[in-house]
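What follows is run04.tsv (TSV, C-alpha atoms).
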chain	number	residue	atom	x	y	z
A	23	MET	CA	-117.10	75.13	47.10
A	24	LYS	CA	-117.05	75.52	50.86
A	25	ARG	CA	-119.03	73.15	53.05
A	26	SER	CA	-121.22	75.98	54.42
A	27	GLN	CA	-122.15	77.08	50.89
A	28	ARG	CA	-123.07	73.55	49.88
A	29	ARG	CA	-125.27	73.12	52.95
A	30	LEU	CA	-127.05	76.41	52.20
A	31	LEU	CA	-127.80	75.28	48.64
A	32	GLU	CA	-129.02	71.91	49.90
A	33	ARG	CA	-131.37	73.58	52.40
A	34	ARG	CA	-132.84	75.84	49.70
A	35	ARG	CA	-133.24	72.92	47.31
A	36	ASP	CA	-134.99	70.90	49.99
A	37	ASP	CA	-137.19	73.91	50.80
A	38	TYR	CA	-138.43	74.23	47.20
A	39	LEU	CA	-138.86	70.47	47.00
A	40	SER	CA	-141.04	70.56	50.13
A	41	ARG	CA	-143.13	73.40	48.69
A	42	ALA	CA	-143.78	71.47	45.48
A	43	ALA	CA	-144.70	68.30	47.37
A	44	LYS	CA	-147.05	70.21	49.69
A	45	ALA	CA	-148.78	71.94	46.76
A	46	LEU	CA	-149.29	68.66	44.89
A	47	SER	CA	-150.64	66.96	48.00
A	48	GLN	CA	-153.28	69.68	48.32
A	49	ASP	CA	-154.07	69.96	44.60
A	50	PRO	CA	-152.77	67.35	42.16
A	51	ALA	CA	-153.34	69.82	39.32
A	52	ALA	CA	-151.32	72.59	41.00
A	53	ASP	CA	-148.66	74.38	38.94
A	54	VAL	CA	-145.28	73.59	40.54
A	55	ALA	CA	-143.10	74.20	37.47
A	56	ALA	CA	-141.27	77.11	39.13
A	57	GLU	CA	-140.44	75.07	42.22
A	58	VAL	CA	-139.24	72.12	40.13
A	59	GLU	CA	-137.05	74.44	38.05
A	60	ARG	CA	-135.51	75.86	41.24
A	61	VAL	CA	-134.89	72.34	42.58
A	62	GLU	CA	-133.12	71.39	39.35
A	63	THR	CA	-131.03	74.57	39.40
A	64	TYR	CA	-129.93	74.04	42.99
A	65	GLY	CA	-129.19	70.39	42.23
A	66	LYS	CA	-126.92	71.37	39.35
A	67	LEU	CA	-125.11	73.91	41.54
A	68	ILE	CA	-124.60	71.32	44.27
A	69	GLN	CA	-123.28	68.76	41.78
A	70	ALA	CA	-120.91	71.31	40.24
A	71	GLY	CA	-119.68	72.14	43.72
A	72	ARG	CA	-118.98	68.49	44.42
A	73	VAL	CA	-116.90	68.19	41.24
A	74	THR	CA	-115.02	71.35	42.14
A	75	GLY	CA	-114.44	70.05	45.67
A	76	ARG	CA	-113.04	66.77	44.41
A	77	ARG	CA	-110.74	68.67	42.07
A	78	GLU	CA	-109.56	70.90	44.92
A	79	ARG	CA	-108.94	67.91	47.18
A	80	THR	CA	-106.99	66.19	44.40
A	81	ILE	CA	-104.86	69.29	43.88
A	82	ALA	CA	-104.34	69.61	47.63
A	83	ALA	CA	-103.29	65.96	47.88
A	84	ILE	CA	-100.83	66.42	45.01
A	85	VAL	CA	-99.39	69.53	46.67
A	86	GLY	CA	-99.00	67.58	49.92
A	87	ILE	CA	-97.26	64.70	48.18
A	88	ILE	CA	-94.91	67.13	46.41
A	89	CYS	CA	-94.05	68.84	49.72
A	90	VAL	CA	-93.32	65.55	51.47
A	91	THR	CA	-91.34	64.24	48.48
A	92	LEU	CA	-89.21	67.38	48.27
A	93	ALA	CA	-88.58	67.31	52.01
A	94	ALA	CA	-87.50	63.67	51.82
A	95	ALA	CA	-85.36	64.34	48.74
A	96	THR	CA	-83.42	67.15	50.43
A	97	GLN	CA	-82.61	64.75	53.27
A	98	MET	CA	-81.67	61.87	50.95
A	99	VAL	CA	-79.93	63.56	48.01
A	100	ARG	CA	-76.29	64.34	48.75
A	101	MET	CA	-74.10	67.08	47.39
A	102	PRO	CA	-71.88	65.97	44.48
A	103	SER	CA	-68.75	66.81	46.46
A	104	ALA	CA	-67.60	67.84	49.91
A	105	GLY	CA	-64.75	69.83	51.37
A	106	ILE	CA	-62.73	67.52	53.63
A	107	THR	CA	-59.96	68.20	56.12
A	108	LEU	CA	-58.28	65.11	57.54
A	109	VAL	CA	-55.69	64.56	60.25
A	110	ALA	CA	-54.83	60.92	60.96
A	111	GLU	CA	-52.20	58.50	62.17
A	112	ALA	CA	-51.91	55.16	60.39
A	113	THR	CA	-49.49	52.36	59.62
A	114	SER	CA	-50.02	52.60	55.85
A	115	VAL	CA	-51.54	54.99	53.34
A	116	THR	CA	-52.36	54.66	49.64
A	117	PHE	CA	-52.83	57.57	47.26
A	118	MET	CA	-52.89	58.31	43.52
A	119	LEU	CA	-50.90	61.21	42.15
A	120	ALA	CA	-52.74	63.99	40.30
A	121	ASP	CA	-49.47	65.45	38.94
A	122	PRO	CA	-45.94	64.22	38.29
A	123	TRP	CA	-44.04	64.25	41.55
A	124	ARG	CA	-40.32	64.50	42.24
A	125	TRP	CA	-39.16	63.64	45.74
A	126	GLU	CA	-35.79	65.26	46.34
A	127	HIS	CA	-33.51	63.59	48.88
A	128	PRO	CA	-36.30	61.46	50.40
A	129	ALA	CA	-33.85	59.39	52.45
A	130	SER	CA	-30.30	60.28	53.40
A	131	GLY	CA	-28.22	58.41	55.93
A	132	ALA	CA	-30.15	55.14	55.60
A	133	HIS	CA	-28.35	52.02	56.81
A	134	ALA	CA	-30.11	49.58	54.44
A	135	ILE	CA	-32.06	49.89	51.17
A	136	ARG	CA	-33.70	47.23	49.01
A	137	LEU	CA	-35.08	47.68	45.48
A	138	GLU	CA	-37.16	44.95	43.83
A	139	ASN	CA	-39.55	44.39	40.91
A	140	PHE	CA	-37.80	47.01	38.78
A	141	GLU	CA	-37.40	46.77	35.03
A	142	ALA	CA	-33.93	48.27	35.20
A	143	ILE	CA	-31.37	48.68	37.97
A	144	ASP	CA	-28.17	49.98	36.46
A	145	LEU	CA	-25.22	48.78	38.52
A	146	PRO	CA	-21.84	50.24	37.52
A	147	PRO	CA	-18.74	47.98	37.52
A	148	THR	CA	-17.54	49.52	40.76
A	149	VAL	CA	-20.63	48.11	42.48
A	150	ILE	CA	-20.84	44.76	40.65
A	151	ALA	CA	-17.90	43.18	38.82
A	152	LYS	CA	-17.63	44.25	35.19
A	153	GLU	CA	-18.63	40.87	33.77
A	154	ALA	CA	-21.78	40.88	35.90
A	155	SER	CA	-22.70	44.58	35.65
A	156	GLY	CA	-25.84	45.84	33.92
A	157	ASP	CA	-29.55	45.56	34.67
A	158	ARG	CA	-30.92	43.69	37.66
A	159	ASP	CA	-34.42	43.16	39.07
A	160	TRP	CA	-33.49	43.61	42.70
A	161	ILE	CA	-30.64	44.89	44.84
A	162	ASP	CA	-29.86	44.92	48.57
A	163	VAL	CA	-27.37	47.39	49.99
A	164	SER	CA	-26.47	47.88	53.64
A	165	GLY	CA	-23.88	49.61	55.76
A	166	GLY	CA	-21.99	52.77	54.98
A	167	ASN	CA	-23.89	55.94	54.17
A	168	LEU	CA	-26.81	55.18	51.84
A	169	SER	CA	-29.23	57.62	50.28
A	170	VAL	CA	-32.15	57.66	47.85
A	171	ALA	CA	-30.85	60.79	46.15
A	172	SER	CA	-33.93	61.39	44.00
A	173	LEU	CA	-37.24	59.78	43.17
A	174	SER	CA	-39.58	60.72	40.30
A	175	LEU	CA	-43.11	59.38	39.86
A	176	ALA	CA	-45.47	59.96	36.95
A	177	GLU	CA	-49.01	61.33	37.11
A	178	GLY	CA	-51.50	58.56	37.87
A	179	SER	CA	-49.04	56.50	39.90
A	180	ARG	CA	-50.64	54.57	42.74
A	181	VAL	CA	-48.38	54.89	45.76
A	182	THR	CA	-48.56	52.88	48.97
A	183	LEU	CA	-46.44	53.75	51.99
A	184	GLU	CA	-46.18	51.31	54.90
A	185	ALA	CA	-44.47	52.08	58.20
A	186	GLU	CA	-42.65	49.49	60.29
A	187	PRO	CA	-40.76	50.02	63.56
A	188	ASP	CA	-37.42	50.34	61.76
A	189	ALA	CA	-38.30	50.68	58.06
A	190	ILE	CA	-40.47	52.33	55.43
A	191	ASP	CA	-41.90	50.39	52.45
A	192	LEU	CA	-42.78	52.25	49.25
A	193	PHE	CA	-44.87	50.46	46.59
A	194	VAL	CA	-45.60	52.07	43.21
A	195	VAL	CA	-47.78	50.81	40.35
A	196	GLY	CA	-49.68	52.43	37.48
A	197	GLY	CA	-47.03	54.99	36.54
A	198	ARG	CA	-43.37	55.29	35.69
A	199	LEU	CA	-40.93	55.39	38.61
A	200	SER	CA	-37.25	56.33	38.40
A	201	GLY	CA	-34.54	57.48	40.76
A	202	ASP	CA	-30.98	57.22	42.00
A	203	LEU	CA	-29.24	55.64	44.98
A	204	THR	CA	-25.92	56.93	46.28
A	205	LEU	CA	-23.54	54.60	48.07
A	206	LEU	CA	-20.73	55.90	50.28
A	207	GLY	CA	-18.34	54.20	52.69
A	208	ASP	CA	-18.16	50.49	53.46
A	209	VAL	CA	-21.20	48.89	51.80
A	210	GLU	CA	-22.44	45.31	51.41
A	211	VAL	CA	-24.09	44.77	47.99
A	212	THR	CA	-26.23	41.88	46.76
A	213	ALA	CA	-28.15	41.93	43.47
A	214	GLY	CA	-30.11	39.45	41.39
A	215	THR	CA	-32.78	38.76	38.80
A	216	ASP	CA	-36.42	37.79	39.09
A	217	ASP	CA	-35.60	34.13	38.46
A	218	GLY	CA	-34.21	33.96	41.98
A	219	GLY	CA	-30.57	34.04	40.98
A	220	THR	CA	-28.00	35.95	43.05
A	221	ASP	CA	-24.79	37.48	41.71
A	222	SER	CA	-21.74	36.01	43.37
A	223	ALA	CA	-19.91	39.09	42.10
A	224	GLY	CA	-21.56	41.15	44.83
A	225	GLY	CA	-20.12	41.58	48.26
A	226	ALA	CA	-18.33	44.14	50.37
A	227	ARG	CA	-17.43	47.40	48.68
A	228	SER	CA	-15.78	50.57	49.90
A	229	PHE	CA	-16.52	53.92	48.25
A	230	ALA	CA	-14.51	57.00	49.12
A	231	LEU	CA	-16.70	59.01	46.74
A	232	PRO	CA	-20.47	58.62	46.27
A	233	GLU	CA	-21.37	55.91	43.74
A	234	ILE	CA	-24.68	56.25	41.88
A	235	VAL	CA	-27.07	53.37	41.12
A	236	SER	CA	-29.95	54.31	38.79
A	237	PHE	CA	-33.24	52.44	38.75
A	238	ALA	CA	-36.50	52.64	36.77
A	239	SER	CA	-39.83	50.87	36.37
A	240	PRO	CA	-42.54	51.59	33.74
A	241	GLY	CA	-45.23	50.84	36.32
A	242	ASP	CA	-47.47	49.10	33.79
A	243	GLY	CA	-47.40	45.68	35.41
A	244	ILE	CA	-49.54	44.12	38.11
A	245	VAL	CA	-46.73	43.71	40.64
A	246	PRO	CA	-45.69	47.07	42.12
A	247	ALA	CA	-42.12	48.30	42.25
A	248	HIS	CA	-40.89	48.15	45.84
A	249	ILE	CA	-38.38	50.25	47.77
A	250	LEU	CA	-37.53	49.31	51.36
A	251	ILE	CA	-35.67	51.96	53.36
A	252	ARG	CA	-34.24	51.28	56.81
A	253	ASP	CA	-33.60	54.70	58.25
A	254	GLU	CA	-33.90	55.96	61.80
A	255	THR	CA	-34.47	59.52	60.56
A	256	PRO	CA	-38.17	60.39	60.02
A	257	LEU	CA	-39.12	61.12	56.40
A	258	THR	CA	-41.51	63.91	55.41
A	259	PHE	CA	-42.95	65.50	52.31
A	260	GLN	CA	-45.55	68.19	51.74
A	261	ASP	CA	-48.10	69.59	49.31
A	262	VAL	CA	-48.66	66.61	47.01
A	263	ARG	CA	-51.76	66.77	44.81
A	264	VAL	CA	-53.70	63.51	44.79
A	265	THR	CA	-56.90	62.10	43.29
A	266	SER	CA	-57.55	59.44	45.93
A	267	LEU	CA	-56.57	58.51	49.46
A	268	SER	CA	-57.25	55.36	51.48
A	269	PHE	CA	-55.96	53.44	54.47
A	270	ALA	CA	-55.93	49.66	54.03
A	271	ARG	CA	-53.45	46.80	53.91
A	272	GLU	CA	-53.98	43.49	52.15
A	273	THR	CA	-53.72	40.65	54.65
A	274	PRO	CA	-53.52	36.95	53.66
A	275	LEU	CA	-56.19	34.59	54.97
A	276	GLU	CA	-56.62	30.84	54.84
A	277	ALA	CA	-57.04	28.99	51.53
A	278	GLY	CA	-55.17	31.64	49.58
A	279	GLN	CA	-57.73	34.36	50.23
A	280	THR	CA	-56.93	37.92	51.25
A	281	ALA	CA	-58.71	40.71	53.10
A	282	PHE	CA	-58.15	44.45	53.31
A	283	ARG	CA	-57.77	45.65	56.87
A	284	SER	CA	-57.82	49.23	58.04
A	285	THR	CA	-54.49	50.76	59.03
A	286	ILE	CA	-55.94	53.80	60.80
A	287	ARG	CA	-54.93	54.24	64.44
A	288	GLU	CA	-56.65	57.51	65.23
A	289	GLY	CA	-57.60	60.86	63.75
A	290	GLN	CA	-60.50	63.04	62.74
A	291	VAL	CA	-62.31	64.21	59.63
A	292	ILE	CA	-63.84	67.68	59.35
A	293	VAL	CA	-66.53	68.22	56.71
A	294	SER	CA	-65.95	71.91	56.01
A	295	ASP	CA	-69.36	72.52	54.37
A	296	THR	CA	-71.15	71.74	57.63
A	297	GLN	CA	-68.24	71.93	60.13
A	298	THR	CA	-69.06	68.38	61.17
A	299	VAL	CA	-66.24	66.70	63.10
A	300	VAL	CA	-66.02	62.91	62.77
A	301	PRO	CA	-63.51	61.13	65.06
A	302	LEU	CA	-61.58	58.20	63.58
A	303	ASN	CA	-60.81	55.15	65.69
A	304	ARG	CA	-58.54	52.17	65.22
A	305	GLY	CA	-59.94	49.88	62.52
A	306	ASP	CA	-62.14	52.47	60.77
A	307	HIS	CA	-62.08	52.36	56.97
A	308	LEU	CA	-61.88	55.68	55.10
A	309	GLU	CA	-61.73	56.31	51.36
A	310	LEU	CA	-61.51	59.73	49.69
A	311	ARG	CA	-61.60	60.10	45.92
A	312	GLY	CA	-61.94	62.66	43.12
A	313	GLY	CA	-62.62	66.35	43.37
A	314	GLU	CA	-60.61	69.50	42.77
A	315	GLY	CA	-57.55	70.70	44.65
A	316	ALA	CA	-57.24	67.63	46.88
A	317	ARG	CA	-53.75	67.43	48.33
A	318	LEU	CA	-51.63	65.89	51.03
A	319	VAL	CA	-50.60	68.92	53.05
A	320	HIS	CA	-48.14	66.88	55.09
A	321	LEU	CA	-47.02	63.27	55.27
A	322	GLY	CA	-44.60	62.22	57.99
A	323	LEU	CA	-43.10	58.74	58.08
A	324	ASP	CA	-41.61	57.31	61.25
A	325	GLU	CA	-42.79	54.31	63.26
A	326	SER	CA	-46.24	55.33	62.04
A	327	ILE	CA	-47.48	57.66	59.29
A	328	SER	CA	-48.99	61.03	60.12
A	329	VAL	CA	-51.30	62.39	57.42
A	330	ALA	CA	-52.75	65.86	56.88
A	331	PHE	CA	-55.12	66.17	53.91
A	332	GLU	CA	-57.46	68.83	52.59
A	333	GLY	CA	-59.51	69.37	49.45
A	334	GLU	CA	-62.79	68.84	47.64
A	335	VAL	CA	-63.68	65.17	47.11
A	336	GLU	CA	-66.45	63.46	45.15
A	337	ARG	CA	-66.39	60.31	47.27
A	338	ALA	CA	-65.99	60.25	51.04
A	339	GLN	CA	-66.84	56.81	52.41
A	340	LEU	CA	-66.37	55.89	56.07
A	341	VAL	CA	-67.01	52.48	57.61
A	342	GLN	CA	-67.18	52.35	61.41
A	343	ALA	CA	-68.12	49.12	63.21
A	344	GLY	CA	-69.50	47.73	59.95
A	345	VAL	CA	-71.76	50.74	59.34
A	346	HIS	CA	-71.21	52.54	56.02
A	347	ARG	CA	-71.47	56.31	56.02
A	348	ASP	CA	-71.28	58.86	53.23
A	349	LEU	CA	-69.58	61.97	54.62
A	350	ARG	CA	-70.88	64.25	51.87
A	351	PRO	CA	-73.62	66.48	53.33
A	352	THR	CA	-77.22	66.12	52.23
A	353	LEU	CA	-78.82	68.96	50.31
A	354	LEU	CA	-80.78	69.92	53.44
A	355	GLU	CA	-77.63	70.00	55.60
A	356	TYR	CA	-75.75	72.06	53.02
A	357	VAL	CA	-78.53	74.65	52.60
A	358	TYR	CA	-79.04	74.89	56.38
A	359	HIS	CA	-75.36	75.63	57.04
A	360	ASN	CA	-74.54	77.73	53.97
A	361	GLU	CA	-77.78	79.33	52.70
A	362	ARG	CA	-79.75	80.30	55.79
A	363	LEU	CA	-82.10	82.71	53.94
A	364	VAL	CA	-82.91	80.11	51.29
A	365	PHE	CA	-83.44	77.53	54.02
A	366	MET	CA	-85.83	79.83	55.95
A	367	TRP	CA	-88.03	80.66	52.94
A	368	SER	CA	-88.00	77.05	51.75
A	369	ALA	CA	-89.07	75.87	55.21
A	370	LEU	CA	-91.88	78.44	55.31
A	371	GLY	CA	-93.02	77.43	51.83
A	372	PHE	CA	-93.02	73.77	52.75
A	373	LEU	CA	-94.92	74.41	55.99
A	374	TRP	CA	-97.57	76.53	54.26
A	375	GLY	CA	-97.99	74.02	51.43
A	376	PHE	CA	-98.24	71.07	53.80
A	377	LEU	CA	-100.77	72.75	56.12
A	378	TRP	CA	-102.87	74.00	53.19
A	379	SER	CA	-102.85	70.52	51.68
A	380	ALA	CA	-103.86	68.92	54.99
A	381	ARG	CA	-106.70	71.43	55.50
A	382	LYS	CA	-108.08	70.99	51.97
A	383	THR	CA	-107.78	67.22	52.08
A	384	LEU	CA	-109.06	66.53	55.59
A	385	PHE	CA	-111.51	69.43	56.00
A	386	PRO	CA	-113.02	70.14	52.54
Could you spell out this file's structure in structure tokens?
Amino acid sequence: MKRSQRRLLERRRDDYLSRAAKALSQDPAADVAAEVERVETYGKLIQAGRVTGRRERTIAAIVGIICVTLAAATQMVRMPSAGITLVAEATSVTFMLADPWRWEHPASGAHAIRLENFEAIDLPPTVIAKEASGDRDWIDVSGGNLSVASLSLAEGSRVTLEAEPDAIDLFVVGGRLSGDLTLLGDVEVTAGTDDGGTDSAGGARSFALPEIVSFASPGDGIVPAHILIRDETPLTFQDVRVTSLSFARETPLEAGQTAFRSTIREGQVIVSDTQTVVPLNRGDHLELRGGEGARLVHLGLDESISVAFEGEVERAQLVQAGVHRDLRPTLLEYVYHNERLVFMWSALGFLWGFLWSARKTLFP
């Protein structure tokens, strides 16, 4: 019931009440039954209007709360995934393979290679004396013309690449790793086992034809298999599907503790759903994980590592100056940039509902 209607009923009720009182004051025996009946009728109507008004105000308040809650939710709830394009330069990168990956001729013309923490390194007698040939846990080769002829990694392998001024470190854990080295020319060979022993049978070797050393690791241990390549030629590979990507290096601290420090030097992230560009600075922490079609478009290894990544990710966490940020767009941001018509009608609906609620609640 509107306020004007209630006031009209109250005036008429008061009018009939005044008539009855005036009649009784003039004649105590006067018949005022009709006036009393009218007063009761108007009183019931007024009371019913009050109940209806309270109900309307309650409904209006609920509508207002729903509008505000939905508006807040669209700004707080994030999309389950986001399209990310990344270009960055870093000193190390870690990723997990979504598919088996074979790296053909990853390093040719290297002047030093070290393999360690492998289950099997098959050294032929021409490399190590016959009585000492067989499996080894580590091997160092230098000089001549060295090459990692092939490298195969299983799906789910966690790969870390670290760049140094004159070398590249490759660490692999969580999946089988196998490959071949080729040795050519005058080469210095040293090999040993994980107990710290070194084979005296190693030493200088000369190969007129390429000699092959095979190596393999199941990747099911805690300690990663490690390949160190000293090569002045930049290494590159492209189009590798991954399920995660991060930039951090474990650094020892005092009292045996460690910390993970960012290896990012510079770069930028583009959130394709909103075309938001986020610059990356030295020391920023970035982690991308999950999603469909995520891949390393390009990875170049020299004195630093250049990374180009694109794909849909379910986790996109960025830490800048200690502030954590989720790069996935909120529902409101996504609708605004991708569903303009839906956004317009939703905004109009929210505005109408909020104003109607305010009017009914504050001005019944």
Need the shell around region 182-193 of chain A: protein/DNA/RNA residues with any atom at most 10 Å away, counting only C-alpha atoms. Skip same-chain ones fewer than 3 positions apart. Format as JSON, numbers by chain? {"A": [112, 113, 114, 115, 116, 117, 118, 132, 134, 135, 136, 137, 138, 139, 179, 245, 246, 247, 248, 249, 250, 251, 252, 253, 254, 255, 256, 257, 267, 268, 269, 270, 271, 285, 323, 324, 325, 326, 327]}
Within-10 Å shell of (-72.8, 69.5, 61.2) in input frame, all atoms listed in the file, as a PDB file with C-alpha atoms, keeping the file's coordinate frame:
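Once written, part-v5.pdb looks like this:
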ATOM      1  CA  ILE A 292     -63.840  67.680  59.350  1.00  0.00           C
ATOM      2  CA  VAL A 293     -66.530  68.220  56.710  1.00  0.00           C
ATOM      3  CA  SER A 294     -65.950  71.910  56.010  1.00  0.00           C
ATOM      4  CA  ASP A 295     -69.360  72.520  54.370  1.00  0.00           C
ATOM      5  CA  THR A 296     -71.150  71.740  57.630  1.00  0.00           C
ATOM      6  CA  GLN A 297     -68.240  71.930  60.130  1.00  0.00           C
ATOM      7  CA  THR A 298     -69.060  68.380  61.170  1.00  0.00           C
ATOM      8  CA  VAL A 299     -66.240  66.700  63.100  1.00  0.00           C
ATOM      9  CA  VAL A 300     -66.020  62.910  62.770  1.00  0.00           C
ATOM     10  CA  PRO A 351     -73.620  66.480  53.330  1.00  0.00           C
ATOM     11  CA  GLU A 355     -77.630  70.000  55.600  1.00  0.00           C
ATOM     12  CA  TYR A 356     -75.750  72.060  53.020  1.00  0.00           C
ATOM     13  CA  TYR A 358     -79.040  74.890  56.380  1.00  0.00           C
ATOM     14  CA  HIS A 359     -75.360  75.630  57.040  1.00  0.00           C
TER      15      HIS A 359
END
Å distance separating CA of Phe237 (chain A) from CA of Arg263 (chain A), one decimal place: 24.2 Å
Which of these residues is nearest to Glu233 (chain A), using all atoms listed in the file: A:Leu175, A:Leu354, A:Ala281, A:Val170?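 Going through A:Leu175, A:Leu354, A:Ala281, A:Val170 one by one, the smallest distance to Glu233 (chain A) is for A:Val170.
The coordinates place CA of Phe259 (chain A) at 17.6 Å from CA of Thr107 (chain A).
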Select, counting only C-alpha atoms, all protein, DNA and RNA residues no farther than 10 Å from (-54.1, 69.0, 51.8) in file coordinates, and express the selection as a VMD selection string. chain A and resid 106 to 109 260 to 264 315 to 321 329 to 334
Write out, as a compact mmCIF listing (two decimals), in the coordinates of the input, the residues just selected, with C-alpha atoms.
# COMPACT_ATOMS: atom_id res chain seq x y z
CA ILE A 106 -62.73 67.52 53.63
CA THR A 107 -59.96 68.20 56.12
CA LEU A 108 -58.28 65.11 57.54
CA VAL A 109 -55.69 64.56 60.25
CA GLN A 260 -45.55 68.19 51.74
CA ASP A 261 -48.10 69.59 49.31
CA VAL A 262 -48.66 66.61 47.01
CA ARG A 263 -51.76 66.77 44.81
CA VAL A 264 -53.70 63.51 44.79
CA GLY A 315 -57.55 70.70 44.65
CA ALA A 316 -57.24 67.63 46.88
CA ARG A 317 -53.75 67.43 48.33
CA LEU A 318 -51.63 65.89 51.03
CA VAL A 319 -50.60 68.92 53.05
CA HIS A 320 -48.14 66.88 55.09
CA LEU A 321 -47.02 63.27 55.27
CA VAL A 329 -51.30 62.39 57.42
CA ALA A 330 -52.75 65.86 56.88
CA PHE A 331 -55.12 66.17 53.91
CA GLU A 332 -57.46 68.83 52.59
CA GLY A 333 -59.51 69.37 49.45
CA GLU A 334 -62.79 68.84 47.64
Using only C-alpha atoms for the distances, tell me which of A:Glu309, A:Glu276, A:Asp202, A:Asp242 is nearest to Ala171 (chain A). A:Asp202
